[in-house]
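Accompanying notes for the structure given below.
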Amino acid sequence: MPADEVRVRVENPAGSGSGVSVGGRPNRYCPRGCPVRPCRVHPAAGASLTRPRLHTPRQCPNPAFDFRLAGQYHLAVKILQRYALRQFVPPFFLAILVLTFVLLMDRLFLLADMLVRKGVAVANVSEVMVLSLPFVVQICAPLGTLIAGVISFGRMAQDNEIRVIRAAGIRIVRLFIPVAFACLLLLVAMVGFNGYIVPESQHRVRNLLTDVARKKPAMRVREGVFMDDFPGYMIYIGSMDERHSTVRNVAIFETGASKGTPGFVTAPRGDISYTADDGYMVMTLFDGEMHELVDAETYRRLLFKRHVINVAMDDELVRRDREYRNDEEMMLPQLAATMKQLNKDVGDLKRKAAEAGKKAKLSEPDRLKYDELQSRARYKGLEAVRYDVELQKRLSLAFSAFFFLLFGAPVGLLLRRGGVGTGFIIGLVFFAVYYVLLLAGENMAESGKLSPFVGMWLPNIILVLPVTELFLRAFYEKSVLRLVGLRI
């Protein structure tokens, strides 16, 4: 359709003789203010018994165009669009602040433990908290658009502002356009945010926690593993009670050249404490044994009731930059390059496996080589899928910043409730469903049951039909279900 043939509905200006309503609805006119078509059954009645006739400006018999009326209409639409955008922005930032605080609660307990019990400097604790924010904002931004859509459009519907706007002949979808455009800009920003800022912050916070753990080895005292973070010792602890600072089934191996400590110490129980200046971790062991090889022919075994070992701790935090990054810490170019290399390796291994498969029937070594190449190709393929899943996950979360608005705004209009509590409840319930579907798709994609694209976009694919139904009902008073013959 040409640009000058766009159908527009504007009420007839005052003074026109054909402004009588028909069936309780006001007649509509084209922007040129021409009268409606007279009724063919009752031509004498003139415009009192007429039906609205919509036509394009090119078909209009009235050559005069009322620029003043059209300008007033578009000015009113612009004012309402700015008003809708102003109603959307404050709830959006409020939702992000509240949700960020809630999601950071578990990290706040860890940070408080680092500050109070472990003696980590305030600057380092603050840096960990700041570096943890991007990962939380990655989730809170889409939720903010959903909650803000419910609150802003629900409040306008609750206060009958939507009804007044419709009575003025303005379509409600015109109010949605600037909000949708703002969320599209947010979508583009979230692609860059999820692709560059979030992985970089994840990499830095992991490096910082590793460096802090080396400075404060007690932060990494774990059960059931051999720990070599302590200078001069390798320590194994079977079980640990952090509340009472007691340990059980302890084994300590000497790795340094210290002469005052035996080479191998075992004890069924013990305590852990620290000196006043945090320079040493003091391990007090009870009812244990010392084992030491004195020379090639002499082995010494001693029993003790109580034995104390002082483990030196570093006083300064040494910051190290580690080049290794896992899939969650890689930026978009690094993910793409890694996936390209892995796919190339998979292709080479499959080609070599095909060549070895031709010789597999000839000898046992060739068959073993064929099985090895097949296994390596399979594991390389799973690794490539894991990186592809991470890439699709970031894009899917970025798209949800716009997709959630398509759900939140119609729900607010249909429920006619714009309270903050209503917005948060609806937002959290919808996000819970979305996130469960996202995790299910991620598991199926990593196991090979679904492709990475389908697995990570599964929530959007499943929810697109109900979101479309709500959007059409709220803004166009239509229904997909009615089009297929269902009445709901």
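Chain labels follow the order of the structure tokens: the first chain is A, the next B, and so on; residue numbering restarts at 1 in every chain, and ligands are counted from 1 in their shown order.
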
>> I'd like the contact shell of stretch 286-301 of chain A - 6 Å cut-off, only C-alpha atoms, skipping same-chain residues fewer than 6 positions apart - returned as a ChimeraX atom specification.
In response: /A:262-267,269-270

Go ahead and write the residues just picked, C-alpha atoms, as a compact mmCIF listing (two decimals), in the first residue's frame.
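Contents of the output file result02.txt:
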# COMPACT_ATOMS: atom_id res chain seq x y z
CA PRO A 262 57.66 -35.01 60.92
CA GLY A 263 57.18 -36.17 57.36
CA PHE A 264 53.83 -37.84 57.95
CA VAL A 265 51.33 -37.15 60.77
CA THR A 266 47.91 -38.72 61.34
CA ALA A 267 45.36 -37.99 64.03
CA ARG A 269 40.73 -35.50 65.82
CA GLY A 270 42.05 -31.99 66.25

>> What's around A:Met227 at 7 Å? Count only C-alpha atoms, leave out sequence neighbours fewer than 5 positions away in its own chain, and write the answer as a ChimeraX atom specification.
In response: /A:234-236

Show me, as JSON lines, the residues of stretch 320-431 of chain A having an atom within 10 Å of stretch 441-458 of chain A, each with the closest atom pair and its distance in Å, using only C-alpha atoms.
{"residue": "A:Gly381", "atom": "CA", "partner": "A:Gly448", "partner_atom": "CA", "distance": 9.7}
{"residue": "A:Leu382", "atom": "CA", "partner": "A:Glu446", "partner_atom": "CA", "distance": 7.1}
{"residue": "A:Glu383", "atom": "CA", "partner": "A:Glu446", "partner_atom": "CA", "distance": 8.8}
{"residue": "A:Ala384", "atom": "CA", "partner": "A:Glu446", "partner_atom": "CA", "distance": 9.7}
{"residue": "A:Val385", "atom": "CA", "partner": "A:Glu446", "partner_atom": "CA", "distance": 6.4}
{"residue": "A:Arg386", "atom": "CA", "partner": "A:Glu446", "partner_atom": "CA", "distance": 5.9}
{"residue": "A:Tyr387", "atom": "CA", "partner": "A:Pro452", "partner_atom": "CA", "distance": 9.2}
{"residue": "A:Asp388", "atom": "CA", "partner": "A:Pro452", "partner_atom": "CA", "distance": 6.1}
{"residue": "A:Val389", "atom": "CA", "partner": "A:Pro452", "partner_atom": "CA", "distance": 4.9}
{"residue": "A:Glu390", "atom": "CA", "partner": "A:Pro452", "partner_atom": "CA", "distance": 8.6}
{"residue": "A:Leu391", "atom": "CA", "partner": "A:Pro452", "partner_atom": "CA", "distance": 8.8}
{"residue": "A:Gln392", "atom": "CA", "partner": "A:Met456", "partner_atom": "CA", "distance": 5.9}
{"residue": "A:Lys393", "atom": "CA", "partner": "A:Met456", "partner_atom": "CA", "distance": 5.5}
{"residue": "A:Arg394", "atom": "CA", "partner": "A:Met456", "partner_atom": "CA", "distance": 9.0}
{"residue": "A:Leu395", "atom": "CA", "partner": "A:Met456", "partner_atom": "CA", "distance": 8.9}
{"residue": "A:Ser396", "atom": "CA", "partner": "A:Trp457", "partner_atom": "CA", "distance": 6.0}
{"residue": "A:Leu397", "atom": "CA", "partner": "A:Met456", "partner_atom": "CA", "distance": 9.1}
{"residue": "A:Phe399", "atom": "CA", "partner": "A:Trp457", "partner_atom": "CA", "distance": 9.6}
{"residue": "A:Ser400", "atom": "CA", "partner": "A:Trp457", "partner_atom": "CA", "distance": 9.9}

> Could you pull out the helix (DSSP H, G or I) residues of stretch 61-238 of chain A from DSSP and send them as a PyMOL selection string?
Replying inline: chain A and resi 67-103+105-116+122-158+161-167+173-215+217-220

>> Ranking A:Thr145, A:Thr422, A:Asn460, A:Thr255 by minimum distance to A:Ala180 and counting only C-alpha atoms, which one comes first?
In response: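 Distance minimum relative to A:Ala180 lands on A:Thr145.
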
> Among stretch 101-307 of chain A, which residues carry a DSSP assignment of strand (DSSP E or B), reported as a PyMOL selection string?
Replying inline: chain A and resi 226-227+233-241+246-254+264-274+280-293+299-307

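Atom to atom, atom CA of A:Ala312 and atom CA of A:Met281 stand 6.5 Å apart.
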
> Skipping near chain neighbours, those fewer than 2 positions away, what residues fall within 8 Å of A:Gly238 using only C-alpha atoms, listed as a PyMOL selection string?
Replying inline: chain A and resi 223-225+236+240+247-250
